[in-house]
Each structure stands twice: as structure tokens, then as C-alpha cells.
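These notes are about the structure you will find just below.
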Amino acid sequence: MEPALAAAYARCRALHRRHGRSYYLATRLLPAWKRRHVHALYGFTRYADEIVDSTDGLSTAERARRLRAWSDRFVAGLAGERVDDPLLPAVLHTIEVFGMDRTDFATFLASMAMDLEVRDYARYDDVLSYMEGSAAAIGTMMLPILDPADRALARDPARQLGLAFQLTNFIRDVGEDLDRDRVYLPRADLELFGVTRADLRAAADRRAASPAVKALIGYEVERARAHYAAAAPGVPMLAPTSQACIRAAFHLYGGILDEVRRADYDVFARRAVVPNRRRLAMVARCLLTPPGTPVGLPAARRS
């Protein structure tokens with residue numbers, strides 16, 4: 001592997017290790033030759049997200065310009081042009097190795113552009129339209145690496161797992177998203193529980209959720225569990241050497257929902273994090289679980 005390509009993969013791995021702790025830990029269960037390709041996909045998606053969210057002091061117009069410029073370099077690379085970028089050579093190589101569907105990448109970038117303009121969503125169908133690129137497409141990007149016996153049959157569970165992970169993040173990170181002037185929980189759901197955006201802001205400021213906000217979060221947790229339930233049959237469809245990784249990711253992200261439930265659905269008092277000892281125990285169990293074993297779901301809401 002030429003030095004520039006090796007350096008791009010190393011950069012993606014570093015981004016993954018720094019920002020995607022649960023997913024990075026699960027990726028350690030893949031065969032070594034597959035890991036760099038997962039790191040490449042994570043690095044690509046993370047870097048786009050950083051352009052949108054983490055460029056301090058820049059206007060929306062400037063961040064949009066930077067995202068377009070980076071997207072243009074990516075498209076040029078897909079067309080065979082040599083790309084002068086510290087990260088893109090890795091994902092371009094991964095796409096070529098696995099013959100990945102380029103439509104997924106275009107759909108992802110379109111959702112990143114939405115984040116520059118859209119501050120909230122009226123209905124859950126609208127959130128799903130956003131997550132089509134930000135989450136479901138990432139699930140299908142992964143499939144060639146995970147090598148299911150029947151890719152067509154595994155496609156919808158992979159999409160559902162992407163949605164489950166993304167909604168889990170939305171539930172956990174309501175306060176952080178508010179700081180970016182975004183609310184991903186649909187307005188229709190807020191109205192169902194008599195919650196306003198101002199109520200969420202007040203809960204974040206006082207680091208304590210009201211009963212109505214807790215009820216809203218509990219409702220979203222059950223919605224996420226439905227995505228996990230739809231995703232679960234897909235794990236045993238994967239190549240045996242891929243199942244431990246995705247099983248671990250399933251339980252690590254699902255464990256965040258369990259932590260939200262243990263906190264009585266107050267996502268403002270503290271960030272929902274699975275303790276390290278429990279994370280390591282989950283990974284060990286997944287490593288020892290025979291391929292083909294059905295996947296259990298995050299705990300149900302207490303009545």
C-alpha cells in the first residue's frame with residue numbers, strides 16, 4: 001500500500017477511535033483486513049459531520065461552501081482523478097475494493113447539507129427522510145464489508161440498524177443538539193406530550209427533565225426499540241466472521257437506551273453512557289456467542 005493511502009487509512013482510524021468509542025470497540029471484533037475499511041467509512045462520515053457541526057466561528061454559508069468543495073473532491077476521486085486530501089483516498093479505495101453503491105454516498109452528503117439549513121422536523125416521516133442519508137445509507141454502505149449470504153435480504157435490517165443507532169444518538173444528545181439550534185425529535189411528538197422547544201431548553205439549562213419531557217423521551221426510546229427489533233434478524237445473516245462485531249455494536253448502542261431507562265428517561269441530568277466494565281463484558285459475550293444466535297433487544301419501557 002502506497003504511503004499516502006496508508007496515511008489516509010490511519011487518519012480515518014484515528015477519527016474512529018477518538019469519536020466513535022462504541023463502534024470502534026465493536027470493530028475490533030472484525031478480521032484485521034476488514035477493519036481499515038470500516039474505519040474509512042467512519043472517517044468519511046465523521047469528517048463531513050465535522051464540517052457541518054464543528055467549524056467554530058464560520059457562517060452557515062461558509063460551512064456549506066466547505067462541504068460542497070469537499071464533496072466535489074470526493075466526486076472527482078470517484079471519477080478517477082487523483083485527490084489531494086488527507087482522508088478521501090481511504091474511502092475511495094474502500095469503495096473500489098468492494099464495488100460499493102455510490103448512490104449511498106450521495107444520499108449521505110445530501111443529508112449533511114440538510115443539517116446546515118433544517119433546524120427541526122414536523123413529523124417522524126420527515127426525520128426518517130433525513131435519516132435516509134445520515135443513517136440508513138450507512139447501514140447499506142457496510143453490507144459489502146460484512147458479507148451477508150443474501151445481500152438483498154439483509155438490506156432492510158442493515159438500514160434499520162442504522163436508523164436505530166441514529167435515533168439512539170438523537171435521544172441521548174437532545175441537549176447537545178439544542179446547543180446547535182437543532183431538535184431532531186419531531187414537533188408532532190413534542191405536541192403529543194405538551195412539550196415545547198422552550199421546555200427542552202429549560203430542562204437542559206437546569207439539567208433536569210420535567211415529567212412531560214421524560215414521557216416524551218420514553219416514547220422515543222420505544223420508537224428506537226422498534227428499529228432494533230426490525231434490525232435484529234439481520235445479524236445472523238452476516239458472514240460468521242462479521243457477526244460478533246455487529247452484535248457488539250447492537251448491544252453497545254442498545255445499552256445506551258438501557259442507561260436512559262435507568263435514569264428514568266432524564267437525558268439532561270447526565271449523558272447516558274454504558275460503564276466501561278459493562279461495555280467490555282458485552283463485547284466478550286458477543287465474541288463468545290456462536291454465529292447464527294438470535295439477537296436480544298434493549299429492555300422495554302417500564303409501565
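Just remember, in the C-alpha cells the first chain shown is A, the second B, etc., residues are 1-based per chain, and ligands are 1-based in the order shown.
Residues in contact range of Asp49 in chain A, defined as at most 12 Å between only C-alpha atoms, with sequence neighbours fewer than 3 positions away removed, read Leu15, His19, Tyr42, Gly43, Phe44, Thr45, Arg46, Val52, Asp53, Ser54, Thr55, Arg63, Ala64, Arg66, Leu67, Trp70, Phe108, Leu109, Ala110, Ser111, Met112, Ala113, Met114, Asp115, Leu116 and Ser134 of chain A.
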### Task
Report the residues of range 25-231 of chain A whose backbone DSSP state falls under helix (DSSP H, G or I), written as a ChimeraX atom specification.
/A:25-27,32-53,60-78,88-98,102-114,124-146,151-172,174-179,187-192,197-206,211-231
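Nearest residue to Pro291 in chain A, choosing from A:Ile246, A:Ala158, A:Ile256, A:Ala272 and counting only C-alpha atoms: A:Ile246.
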Between A:Pro236, A:Asp189, A:Thr293, A:Tyr184, smallest distance to Ala149 in chain A by only C-alpha atoms belongs to A:Pro236
Near Val273 in chain A, counting only C-alpha atoms, which residues have an atom at most 9 Å away, once you skip same-chain residues fewer than 5 positions from it, shown as a PyMOL selection string? chain A and resi 172+255-256+259-260
Selection above as a file: C-alpha atoms, as an mmCIF file, in the first residue's frame:
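out.cif, freshly written:
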```cif
data_model
loop_
_atom_site.group_PDB
_atom_site.id
_atom_site.type_symbol
_atom_site.label_atom_id
_atom_site.label_comp_id
_atom_site.auth_asym_id
_atom_site.auth_seq_id
_atom_site.Cartn_x
_atom_site.Cartn_y
_atom_site.Cartn_z
ATOM 1 C CA ARG A 172 -29.096 10.793 24.207
ATOM 2 C CA GLY A 255 -27.133 -0.301 26.108
ATOM 3 C CA ILE A 256 -27.377 3.490 25.814
ATOM 4 C CA GLU A 259 -28.969 3.679 30.573
ATOM 5 C CA VAL A 260 -31.625 6.229 29.572
#
```
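Closest approach to Leu30 in chain A among A:Ala230, A:Ala300, A:Ile171, A:Leu287: A:Leu287, based on only C-alpha atoms.
Close contacts of Val91 in chain A, defined as residues with an atom at most 8 Å away when counting only C-alpha atoms, with chain neighbours fewer than 5 positions off set aside, comprise His37, Ala40, Leu41 and Phe44 of chain A.
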Those residues with all heavy atoms, as a tab-separated table (two decimals), in the first residue's frame please?
```tsv
chain	number	residue	atom	x	y	z
A	37	HIS	N	-11.36	-0.82	6.40
A	37	HIS	CA	-12.43	-0.37	5.52
A	37	HIS	C	-13.59	0.23	6.32
A	37	HIS	O	-14.21	1.21	5.88
A	37	HIS	CB	-12.89	-1.53	4.64
A	37	HIS	CG	-11.82	-2.06	3.75
A	37	HIS	ND1	-11.24	-1.31	2.76
A	37	HIS	CD2	-11.19	-3.26	3.73
A	37	HIS	CE1	-10.32	-2.02	2.15
A	37	HIS	NE2	-10.26	-3.20	2.72
A	40	ALA	N	-12.47	3.59	7.29
A	40	ALA	CA	-12.56	4.53	6.16
A	40	ALA	C	-13.97	5.09	6.04
A	40	ALA	O	-14.15	6.30	5.83
A	40	ALA	CB	-12.15	3.84	4.87
A	41	LEU	N	-14.99	4.23	6.16
A	41	LEU	CA	-16.37	4.71	6.09
A	41	LEU	C	-16.68	5.64	7.25
A	41	LEU	O	-17.32	6.69	7.08
A	41	LEU	CB	-17.34	3.54	6.08
A	41	LEU	CG	-17.33	2.64	4.85
A	41	LEU	CD1	-18.37	1.53	4.98
A	41	LEU	CD2	-17.56	3.43	3.56
A	44	PHE	N	-14.96	9.03	6.70
A	44	PHE	CA	-15.66	9.82	5.68
A	44	PHE	C	-16.89	10.49	6.28
A	44	PHE	O	-17.09	11.71	6.11
A	44	PHE	CB	-16.06	8.90	4.53
A	44	PHE	CG	-16.94	9.54	3.50
A	44	PHE	CD1	-16.41	10.38	2.53
A	44	PHE	CD2	-18.30	9.29	3.48
A	44	PHE	CE1	-17.22	10.97	1.57
A	44	PHE	CE2	-19.13	9.88	2.53
A	44	PHE	CZ	-18.58	10.72	1.57
```
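The nearest approach to Val274 in chain A among the residues A:Ser71, A:Arg21, A:Ala32, A:Thr289, with only C-alpha atoms taken into account, belongs to A:Arg21.
Taking CA of Phe268 in chain A and CA of Ala203 in chain A as the two end points, the separation is 6.6 Å.
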task = Just the residues within 10 Å of Asp264 in chain A, please, counting only C-alpha atoms, with nothing from its chain fewer than 3 positions along; format it as a VMD selection string.
result = chain A and resid 209 211 214 to 215 217 to 218 258 to 261 267 301 to 302
Take the selection from the previous step and output its residues with C-alpha atoms, as an mmCIF file, in the first residue's frame.
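The resulting file, out.cif, is shown below:
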```cif
data_model
loop_
_atom_site.group_PDB
_atom_site.id
_atom_site.type_symbol
_atom_site.label_atom_id
_atom_site.label_comp_id
_atom_site.auth_asym_id
_atom_site.auth_seq_id
_atom_site.Cartn_x
_atom_site.Cartn_y
_atom_site.Cartn_z
ATOM 1 C CA ALA A 209 -36.265 16.857 32.799
ATOM 2 C CA PRO A 211 -42.368 14.654 33.793
ATOM 3 C CA LYS A 214 -39.451 12.234 30.460
ATOM 4 C CA ALA A 215 -42.647 10.865 28.909
ATOM 5 C CA ILE A 217 -38.123 10.548 25.843
ATOM 6 C CA GLY A 218 -39.713 7.266 26.901
ATOM 7 C CA ASP A 258 -30.928 0.911 28.825
ATOM 8 C CA GLU A 259 -28.969 3.679 30.573
ATOM 9 C CA VAL A 260 -31.625 6.229 29.572
ATOM 10 C CA ARG A 261 -34.265 3.956 31.058
ATOM 11 C CA VAL A 267 -31.278 12.660 29.413
ATOM 12 C CA ARG A 301 -40.065 0.618 28.949
ATOM 13 C CA ARG A 302 -41.277 0.186 32.498
#
```
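Neighbouring residues of Ser210 in chain A at 12 Å or closer, counting only C-alpha atoms and skipping chain neighbours under 2 positions away, are Phe193, Gly194, Val195, Thr196, Asp199, Leu200, Arg201, Ala202, Ala203, Ala204, Arg206, Arg207, Ala208, Ala212, Val213, Lys214, Ala215, Leu216, Ile217, Asp264, Tyr265, Asp266, Val267, Phe268 and Ala269 of chain A.
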Residues within 12 Å of Glu132 in chain A, only C-alpha atoms, excluding chain neighbours under 6 positions, as a PDB file with N, CA, C and O atoms, in the first residue's frame:
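Below is the file selection.pdb, written as the result:
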```pdb
ATOM      1  N   THR A 103     -24.585   5.641  -4.871  1.00  0.00           N
ATOM      2  CA  THR A 103     -25.796   6.379  -4.512  1.00  0.00           C
ATOM      3  C   THR A 103     -25.885   6.599  -3.010  1.00  0.00           C
ATOM      4  O   THR A 103     -26.347   7.646  -2.543  1.00  0.00           O
ATOM      5  N   ASP A 104     -25.445   5.610  -2.220  1.00  0.00           N
ATOM      6  CA  ASP A 104     -25.487   5.748  -0.767  1.00  0.00           C
ATOM      7  C   ASP A 104     -24.670   6.951  -0.308  1.00  0.00           C
ATOM      8  O   ASP A 104     -25.062   7.658   0.628  1.00  0.00           O
ATOM      9  N   PHE A 105     -23.553   7.203  -0.967  1.00  0.00           N
ATOM     10  CA  PHE A 105     -22.680   8.301  -0.563  1.00  0.00           C
ATOM     11  C   PHE A 105     -23.291   9.651  -0.938  1.00  0.00           C
ATOM     12  O   PHE A 105     -23.212  10.619  -0.171  1.00  0.00           O
ATOM     13  N   ALA A 106     -23.935   9.703  -2.091  1.00  0.00           N
ATOM     14  CA  ALA A 106     -24.625  10.930  -2.493  1.00  0.00           C
ATOM     15  C   ALA A 106     -25.783  11.231  -1.544  1.00  0.00           C
ATOM     16  O   ALA A 106     -26.016  12.392  -1.163  1.00  0.00           O
ATOM     17  N   THR A 107     -26.505  10.186  -1.143  1.00  0.00           N
ATOM     18  CA  THR A 107     -27.628  10.360  -0.222  1.00  0.00           C
ATOM     19  C   THR A 107     -27.132  10.839   1.136  1.00  0.00           C
ATOM     20  O   THR A 107     -27.737  11.719   1.773  1.00  0.00           O
ATOM     21  N   PHE A 108     -26.020  10.295   1.576  1.00  0.00           N
ATOM     22  CA  PHE A 108     -25.432  10.738   2.838  1.00  0.00           C
ATOM     23  C   PHE A 108     -25.056  12.217   2.786  1.00  0.00           C
ATOM     24  O   PHE A 108     -25.388  12.996   3.691  1.00  0.00           O
ATOM     25  N   LEU A 109     -24.374  12.630   1.737  1.00  0.00           N
ATOM     26  CA  LEU A 109     -23.936  14.017   1.634  1.00  0.00           C
ATOM     27  C   LEU A 109     -25.119  14.974   1.536  1.00  0.00           C
ATOM     28  O   LEU A 109     -25.054  16.105   2.050  1.00  0.00           O
ATOM     29  N   ALA A 110     -26.208  14.530   0.914  1.00  0.00           N
ATOM     30  CA  ALA A 110     -27.407  15.371   0.849  1.00  0.00           C
ATOM     31  C   ALA A 110     -27.975  15.611   2.247  1.00  0.00           C
ATOM     32  O   ALA A 110     -28.422  16.721   2.565  1.00  0.00           O
ATOM     33  N   SER A 111     -27.946  14.587   3.105  1.00  0.00           N
ATOM     34  CA  SER A 111     -28.430  14.775   4.476  1.00  0.00           C
ATOM     35  C   SER A 111     -27.519  15.704   5.265  1.00  0.00           C
ATOM     36  O   SER A 111     -27.986  16.496   6.093  1.00  0.00           O
ATOM     37  N   MET A 112     -26.215  15.617   5.025  1.00  0.00           N
ATOM     38  CA  MET A 112     -25.299  16.539   5.708  1.00  0.00           C
ATOM     39  C   MET A 112     -25.618  17.987   5.316  1.00  0.00           C
ATOM     40  O   MET A 112     -25.593  18.889   6.156  1.00  0.00           O
ATOM     41  N   MET A 114     -28.524  19.108   4.532  1.00  0.00           N
ATOM     42  CA  MET A 114     -29.764  19.458   5.224  1.00  0.00           C
ATOM     43  C   MET A 114     -29.474  20.026   6.605  1.00  0.00           C
ATOM     44  O   MET A 114     -30.157  20.945   7.076  1.00  0.00           O
ATOM     45  N   ASP A 125     -41.924  10.998   9.875  1.00  0.00           N
ATOM     46  CA  ASP A 125     -41.605  10.709   8.474  1.00  0.00           C
ATOM     47  C   ASP A 125     -40.566  11.685   7.929  1.00  0.00           C
ATOM     48  O   ASP A 125     -39.723  11.315   7.106  1.00  0.00           O
ATOM     49  N   ASP A 126     -40.611  12.929   8.392  1.00  0.00           N
ATOM     50  CA  ASP A 126     -39.628  13.920   7.963  1.00  0.00           C
ATOM     51  C   ASP A 126     -38.243  13.599   8.549  1.00  0.00           C
ATOM     52  O   ASP A 126     -37.227  13.758   7.875  1.00  0.00           O
ATOM     53  N   ILE A 138     -25.784   4.506   5.584  1.00  0.00           N
ATOM     54  CA  ILE A 138     -24.553   3.993   6.188  1.00  0.00           C
ATOM     55  C   ILE A 138     -24.687   2.498   6.463  1.00  0.00           C
ATOM     56  O   ILE A 138     -23.730   1.733   6.288  1.00  0.00           O
ATOM     57  N   GLY A 139     -25.886   2.072   6.857  1.00  0.00           N
ATOM     58  CA  GLY A 139     -26.115   0.641   7.033  1.00  0.00           C
ATOM     59  C   GLY A 139     -25.866  -0.146   5.760  1.00  0.00           C
ATOM     60  O   GLY A 139     -25.230  -1.206   5.770  1.00  0.00           O
ATOM     61  N   THR A 140     -26.346   0.379   4.636  1.00  0.00           N
ATOM     62  CA  THR A 140     -26.146  -0.340   3.382  1.00  0.00           C
ATOM     63  C   THR A 140     -24.723  -0.193   2.860  1.00  0.00           C
ATOM     64  O   THR A 140     -24.220  -1.085   2.170  1.00  0.00           O
ATOM     65  N   ASP A 156     -32.680  -4.446   4.310  1.00  0.00           N
ATOM     66  CA  ASP A 156     -33.561  -3.676   5.197  1.00  0.00           C
ATOM     67  C   ASP A 156     -33.130  -3.765   6.654  1.00  0.00           C
ATOM     68  O   ASP A 156     -33.126  -2.733   7.347  1.00  0.00           O
ATOM     69  N   ALA A 158     -30.145  -3.960   7.746  1.00  0.00           N
ATOM     70  CA  ALA A 158     -28.984  -3.067   7.862  1.00  0.00           C
ATOM     71  C   ALA A 158     -29.439  -1.609   7.932  1.00  0.00           C
ATOM     72  O   ALA A 158     -28.903  -0.811   8.716  1.00  0.00           O
ATOM     73  N   ARG A 159     -30.408  -1.254   7.115  1.00  0.00           N
ATOM     74  CA  ARG A 159     -30.955   0.096   7.151  1.00  0.00           C
ATOM     75  C   ARG A 159     -31.589   0.373   8.518  1.00  0.00           C
ATOM     76  O   ARG A 159     -31.405   1.453   9.095  1.00  0.00           O
ATOM     77  N   GLN A 160     -32.335  -0.587   9.025  1.00  0.00           N
ATOM     78  CA  GLN A 160     -32.996  -0.411  10.315  1.00  0.00           C
ATOM     79  C   GLN A 160     -31.992  -0.255  11.445  1.00  0.00           C
ATOM     80  O   GLN A 160     -32.216   0.521  12.388  1.00  0.00           O
ATOM     81  N   LEU A 161     -30.856  -0.953  11.345  1.00  0.00           N
ATOM     82  CA  LEU A 161     -29.849  -0.804  12.389  1.00  0.00           C
ATOM     83  C   LEU A 161     -29.243   0.597  12.345  1.00  0.00           C
ATOM     84  O   LEU A 161     -28.996   1.205  13.386  1.00  0.00           O
ATOM     85  N   GLY A 162     -29.014   1.119  11.137  1.00  0.00           N
ATOM     86  CA  GLY A 162     -28.556   2.494  11.033  1.00  0.00           C
ATOM     87  C   GLY A 162     -29.540   3.462  11.664  1.00  0.00           C
ATOM     88  O   GLY A 162     -29.148   4.389  12.398  1.00  0.00           O
ATOM     89  N   LEU A 163     -30.830   3.274  11.400  1.00  0.00           N
ATOM     90  CA  LEU A 163     -31.856   4.133  11.990  1.00  0.00           C
ATOM     91  C   LEU A 163     -31.875   3.999  13.511  1.00  0.00           C
ATOM     92  O   LEU A 163     -32.017   5.001  14.233  1.00  0.00           O
ATOM     93  N   ALA A 164     -31.737   2.768  14.009  1.00  0.00           N
ATOM     94  CA  ALA A 164     -31.742   2.545  15.459  1.00  0.00           C
ATOM     95  C   ALA A 164     -30.586   3.281  16.121  1.00  0.00           C
ATOM     96  O   ALA A 164     -30.761   3.945  17.156  1.00  0.00           O
ATOM     97  N   GLN A 166     -28.907   5.900  14.968  1.00  0.00           N
ATOM     98  CA  GLN A 166     -29.067   7.344  14.846  1.00  0.00           C
ATOM     99  C   GLN A 166     -30.101   7.871  15.827  1.00  0.00           C
ATOM    100  O   GLN A 166     -29.876   8.894  16.493  1.00  0.00           O
ATOM    101  N   LEU A 167     -31.238   7.180  15.943  1.00  0.00           N
ATOM    102  CA  LEU A 167     -32.263   7.646  16.872  1.00  0.00           C
ATOM    103  C   LEU A 167     -31.771   7.539  18.312  1.00  0.00           C
ATOM    104  O   LEU A 167     -32.096   8.400  19.152  1.00  0.00           O
TER     105      LEU A 167
END
```
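The smallest atom-to-atom distance between Leu143 in chain A and any of A:Arg119, A:Arg277, A:Lys34, A:His16, using only C-alpha atoms, is found for A:Lys34.
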Counting only C-alpha atoms, closest pick from A:Gln243, A:Arg180, A:Leu78, A:Glu96 relative to Asp147 in chain A is A:Gln243
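In this model, the gap between CA of Tyr219 in chain A and CA of Ala299 in chain A comes to 13.5 Å.
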